[in-house]
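Enquirer: Dropping in my_file33.cif, with mmCIF, C-alpha atoms and all ligand atoms.
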data_run
#
loop_
_atom_site.label_atom_id
_atom_site.label_comp_id
_atom_site.auth_asym_id
_atom_site.auth_seq_id
_atom_site.Cartn_x
_atom_site.Cartn_y
_atom_site.Cartn_z
CA MET J 1 77.32 84.98 84.88
CA VAL J 2 80.63 86.84 84.79
CA GLN J 3 80.56 89.95 86.92
CA ARG J 4 81.78 93.10 85.18
CA ILE J 5 84.01 94.90 87.67
CA ALA J 6 85.61 98.29 87.03
CA ILE J 7 88.31 100.14 88.95
CA TYR J 8 88.15 103.92 89.30
CA PRO J 9 91.66 104.90 90.47
CA GLY J 10 92.99 108.19 91.77
CA SER J 11 94.35 110.19 94.66
CA PHE J 12 90.94 111.50 95.87
CA ASP J 13 92.64 114.13 98.05
CA PRO J 14 89.73 114.76 98.77
CA VAL J 15 86.89 113.23 96.72
CA THR J 16 84.85 115.90 94.89
CA ASN J 17 81.36 116.01 93.37
CA GLY J 18 83.10 115.60 89.99
CA HIS J 19 84.54 112.24 91.10
CA LEU J 20 81.14 111.23 92.51
CA ASP J 21 79.46 112.02 89.20
CA ILE J 22 81.85 109.58 87.47
CA ILE J 23 81.36 106.97 90.23
CA ARG J 24 77.54 107.14 90.04
CA ARG J 25 77.50 106.89 86.26
CA SER J 26 80.01 104.00 86.27
CA ALA J 27 77.97 102.13 88.88
CA LYS J 28 75.06 102.08 86.42
CA ILE J 29 77.23 100.51 83.70
CA PHE J 30 79.17 97.93 85.75
CA ASP J 31 78.09 95.26 88.25
CA LYS J 32 80.65 96.58 90.72
CA VAL J 33 82.90 99.64 90.87
CA VAL J 34 85.94 99.62 93.15
CA VAL J 35 87.33 103.08 93.86
CA GLY J 36 91.09 102.62 94.27
CA VAL J 37 92.90 105.20 96.37
CA LEU J 38 96.63 105.31 95.63
CA LYS J 39 98.45 104.97 98.96
CA ASN J 40 102.09 105.65 98.18
CA GLY J 41 102.12 107.91 95.16
CA GLU J 42 104.75 110.49 94.33
CA LYS J 43 102.60 113.36 95.58
CA THR J 44 102.38 114.07 99.31
CA PRO J 45 98.64 114.15 99.95
CA ALA J 46 96.88 116.49 102.39
CA PHE J 47 94.70 113.64 103.70
CA SER J 48 95.95 110.24 104.87
CA PRO J 49 94.94 107.16 102.84
CA GLU J 50 92.56 106.17 105.67
CA GLU J 51 90.90 109.61 105.64
CA ARG J 52 90.54 109.55 101.84
CA VAL J 53 89.00 106.06 101.83
CA ASP J 54 86.73 107.01 104.76
CA MET J 55 85.46 110.12 102.93
CA LEU J 56 84.78 108.03 99.81
CA LYS J 57 82.88 105.44 101.87
CA ARG J 58 80.72 108.14 103.44
CA ALA J 59 80.04 109.77 100.08
CA THR J 60 79.11 106.50 98.35
CA ALA J 61 77.21 104.85 101.23
CA ASP J 62 73.95 105.01 99.22
CA ILE J 63 75.38 103.20 96.16
CA SER J 64 75.27 99.47 96.89
CA ASN J 65 77.68 98.29 94.17
CA VAL J 66 80.55 100.69 95.00
CA GLU J 67 83.49 99.91 97.29
CA ALA J 68 86.44 102.09 98.27
CA LYS J 69 89.86 100.77 99.24
CA PHE J 70 93.48 101.77 98.93
CA PHE J 71 96.14 100.19 96.81
CA ASN J 72 99.92 100.19 96.54
CA GLY J 73 102.10 99.44 93.58
CA LEU J 74 100.96 99.16 89.99
CA LEU J 75 97.39 99.93 89.05
CA VAL J 76 97.20 96.92 86.70
CA ASP J 77 98.14 94.59 89.58
CA PHE J 78 95.34 96.05 91.70
CA VAL J 79 92.90 95.61 88.79
CA LYS J 80 93.84 91.91 88.53
CA GLN J 81 93.70 91.43 92.29
CA GLU J 82 90.12 92.74 92.29
CA ASN J 83 89.15 90.49 89.33
CA ALA J 84 88.31 93.62 87.37
CA SER J 85 88.72 94.10 83.63
CA VAL J 86 88.24 97.84 83.13
CA ILE J 87 89.89 101.04 84.38
CA ILE J 88 87.57 104.07 84.45
CA LYS J 89 88.90 107.60 84.01
CA GLY J 90 87.05 110.90 83.84
CA LEU J 91 88.14 113.48 81.27
CA ARG J 92 87.45 117.14 82.02
CA ALA J 93 89.20 118.86 79.16
CA VAL J 94 91.77 118.41 76.43
CA SER J 95 94.40 119.21 79.05
CA ASP J 96 93.62 115.90 80.82
CA PHE J 97 93.86 113.95 77.60
CA GLU J 98 97.60 113.80 76.97
CA TYR J 99 98.50 112.46 80.40
CA GLU J 100 95.55 110.06 80.56
CA PHE J 101 96.23 108.75 77.07
CA GLN J 102 99.84 108.06 78.07
CA LEU J 103 98.71 106.16 81.19
CA ALA J 104 96.13 104.18 79.18
CA LEU J 105 98.76 103.12 76.63
CA LEU J 106 101.24 102.24 79.35
CA ASN J 107 98.68 100.18 81.26
CA SER J 108 97.65 98.38 78.08
CA LYS J 109 101.31 97.59 77.41
CA LEU J 110 101.62 96.14 80.93
CA ALA J 111 98.29 94.27 80.77
CA PRO J 112 96.68 94.11 77.28
CA GLU J 113 93.58 92.34 78.62
CA ILE J 114 92.63 95.39 80.73
CA GLU J 115 90.73 98.19 78.97
CA THR J 116 90.71 101.86 79.97
CA MET J 117 87.36 103.61 79.46
CA PHE J 118 86.95 107.38 79.55
CA LEU J 119 83.80 109.11 80.71
CA ALA J 120 83.30 112.76 79.83
CA THR J 121 82.93 114.78 83.01
CA SER J 122 79.51 116.43 83.34
CA GLU J 123 79.57 120.04 82.27
CA GLN J 124 78.94 121.49 85.74
CA TYR J 125 82.10 119.83 87.14
CA CYS J 126 84.55 120.64 84.36
CA PHE J 127 86.29 123.30 86.47
CA LEU J 128 86.50 121.16 89.60
CA SER J 129 89.56 119.37 91.01
CA SER J 130 90.80 118.19 94.40
CA SER J 131 93.50 120.87 94.36
CA ILE J 132 90.87 123.59 93.81
CA VAL J 133 88.85 122.19 96.73
CA ARG J 134 91.94 122.21 98.98
CA ASP J 135 92.75 125.78 97.98
CA ILE J 136 89.22 127.05 98.64
CA ALA J 137 89.12 125.25 102.02
CA ARG J 138 92.48 126.68 103.11
CA HIS J 139 91.24 130.19 102.41
CA GLY J 140 87.82 129.75 103.97
CA GLY J 141 85.70 129.83 100.78
CA SER J 142 82.43 127.95 100.31
CA LEU J 143 82.63 124.26 99.37
CA LYS J 144 78.87 124.01 98.78
CA ASP J 145 78.13 121.97 95.61
CA LEU J 146 81.85 121.15 95.20
CA VAL J 147 81.98 118.25 97.66
CA PRO J 148 79.20 116.27 99.40
CA ASP J 149 77.60 118.31 102.24
CA GLU J 150 78.64 115.81 104.93
CA LEU J 151 82.33 116.21 103.99
CA ILE J 152 82.47 120.02 104.16
CA ALA J 153 83.12 120.10 107.93
CA PRO J 154 85.87 117.45 108.01
CA ILE J 155 87.64 119.05 105.03
CA TYR J 156 87.58 122.48 106.67
CA GLU J 157 88.76 121.02 109.96
CA LYS J 158 91.83 119.55 108.31
CA LEU J 159 92.76 122.37 105.95
CA ARG J 160 91.43 125.74 107.07
CA LYS J 161 94.31 127.93 108.17
CA PHE J 162 92.43 130.57 110.14
O1 LIG J 201 94.08 111.26 90.89
P1 LIG J 201 95.43 111.06 90.23
O2 LIG J 201 96.55 111.45 91.18
O3 LIG J 201 95.53 111.74 88.90
O4 LIG J 201 95.56 109.47 89.94
C1 LIG J 201 96.70 108.93 89.29
C2 LIG J 201 96.72 107.39 89.39
C3 LIG J 201 96.58 106.92 90.82
C4 LIG J 201 95.57 106.83 88.58
C5 LIG J 201 98.07 106.92 88.78
O5 LIG J 201 99.11 107.61 89.40
C6 LIG J 201 98.32 105.42 88.95
O6 LIG J 201 97.67 104.61 88.33
N1 LIG J 201 99.27 105.05 89.85
C7 LIG J 201 99.54 103.69 90.21
C8 LIG J 201 100.97 103.27 89.87
C9 LIG J 201 101.05 102.76 88.46
O7 LIG J 201 100.37 101.84 88.06
N2 LIG J 201 101.93 103.40 87.69
C10 LIG J 201 102.16 103.05 86.34
C11 LIG J 201 101.02 103.40 85.42
S1 LIG J 201 100.28 104.93 85.81
#
Since I need it in another form, could you write the structure as structure tokens?
Ligand code: PNS

Expert:
Amino acid sequence: MVQRIAIYPGSFDPVTNGHLDIIRRSAKIFDKVVVGVLKNGEKTPAFSPEERVDMLKRATADISNVEAKFFNGLLVDFVKQENASVIIKGLRAVSDFEYEFQLALLNSKLAPEIETMFLATSEQYCFLSSSIVRDIARHGGSLKDLVPDELIAPIYEKLRKF
């Protein structure tokens, strides 16, 4: 039987409980979900690619059909390399839509056989983003319920300024 493999791409700088919600729900739909961490994007990330993949591996250790790895270059090339056929994206609000719609159209232009599927972010994570997590950590606020418990200490260690 053909395995249905999906790619969930992003910066994951760092992974949040909002990302994990999308990963867990995708893992129930697909045979395998590969979380793709963009290595050389335009943004300068706070965490190295190795740290971001390591945090994802720790946070998804209990989900047997999820893998985390980094990729370079075009997303559609990574999707093909992993024998996947679907790109998963989470949508939090209308504000995400315009950019994500543009990327979905572009990727379908580059590789029409690859579909982008959007999952609506669960209500309790609609406000959450990696940049909010970084900001809270830098200023010593509580990360409880925003990221997995086991990642709170390493995130603080890297970002807390005082
Ligand atoms: O978490 P992010 O930073 O919003 O993720 C953006 C990401 C990694 C999905 C996007 O930048 C991407 O797909 N980059 C790979 C390069 C690529 O394929 N570019 C052309 C189409 S976006």

Enquirer: Which value, in Å to one decimal, gives the distance between CA of Asn83 in chain J and CA of Ala68 in chain J?

Expert: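 Separation between CA of Asn83 in chain J and CA of Ala68 in chain J: 14.9 Å.
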
Enquirer: Build an axis-aligned box that encloses every atom of ligand LIG 201 (chain J) listed in the file, pad it by 4 Å on each side, and report its centre and edge lengths in Å to one decimal, as AutoDock Vina command-line options.

Expert:
--center_x 98.1 --center_y 106.8 --center_z 88.3 --size_x 16.1 --size_y 17.9 --size_z 13.8

Enquirer: Let me see if you get this right: every residue at most 12 Å from ligand LIG 201 (chain J), counting all atoms listed in the file, written as a VMD selection string.

Expert: chain J and resid 7 to 16 18 to 19 35 to 45 52 70 to 80 87 to 92 96 to 97 99 to 111 116 129 to 131

Enquirer: As a PDB file with C-alpha atoms, in the frame of the given file, please: the residues near range 155-157 of chain J (cut-off 8 Å, all atoms listed in the file, same-chain neighbours under 3 positions excluded).

Expert:
ATOM      1  CA  PRO J  14      89.730 114.760  98.770  1.00  0.00           C
ATOM      2  CA  ALA J 137      89.120 125.250 102.020  1.00  0.00           C
ATOM      3  CA  ARG J 138      92.480 126.680 103.110  1.00  0.00           C
ATOM      4  CA  GLY J 140      87.820 129.750 103.970  1.00  0.00           C
ATOM      5  CA  LEU J 151      82.330 116.210 103.990  1.00  0.00           C
ATOM      6  CA  ILE J 152      82.470 120.020 104.160  1.00  0.00           C
ATOM      7  CA  ARG J 160      91.430 125.740 107.070  1.00  0.00           C
TER       8      ARG J 160
END

Enquirer: May I ask which of the residues J:Ile136, J:Ala27, J:Met55, J:Met1 is the closest one to Pro154 in chain J, counting all atoms listed in the file?

Expert: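 Closest to Pro154 in chain J of all the choices is J:Met55.
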
Enquirer: To one decimal place, how far is CA of Phe30 in chain J from CA of Ser95 in chain J in Å?

Expert: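 Between CA of Phe30 in chain J and CA of Ser95 in chain J the gap is 27.0 Å.
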
Enquirer: Go ahead and compute the interatomic distance for CA of Leu56 in chain J and CA of Gln124 in chain J, in Å to one decimal.

Expert: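 Separation of CA of Leu56 in chain J and CA of Gln124 in chain J: 20.3 Å.
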
Enquirer: Quick one: residues within 8 Å of Arg4 in chain J, all atoms listed in the file, excluding same-chain residues fewer than 2 positions away - as a ChimeraX atom specification?

Expert: /J:2,6,30-32,84-85
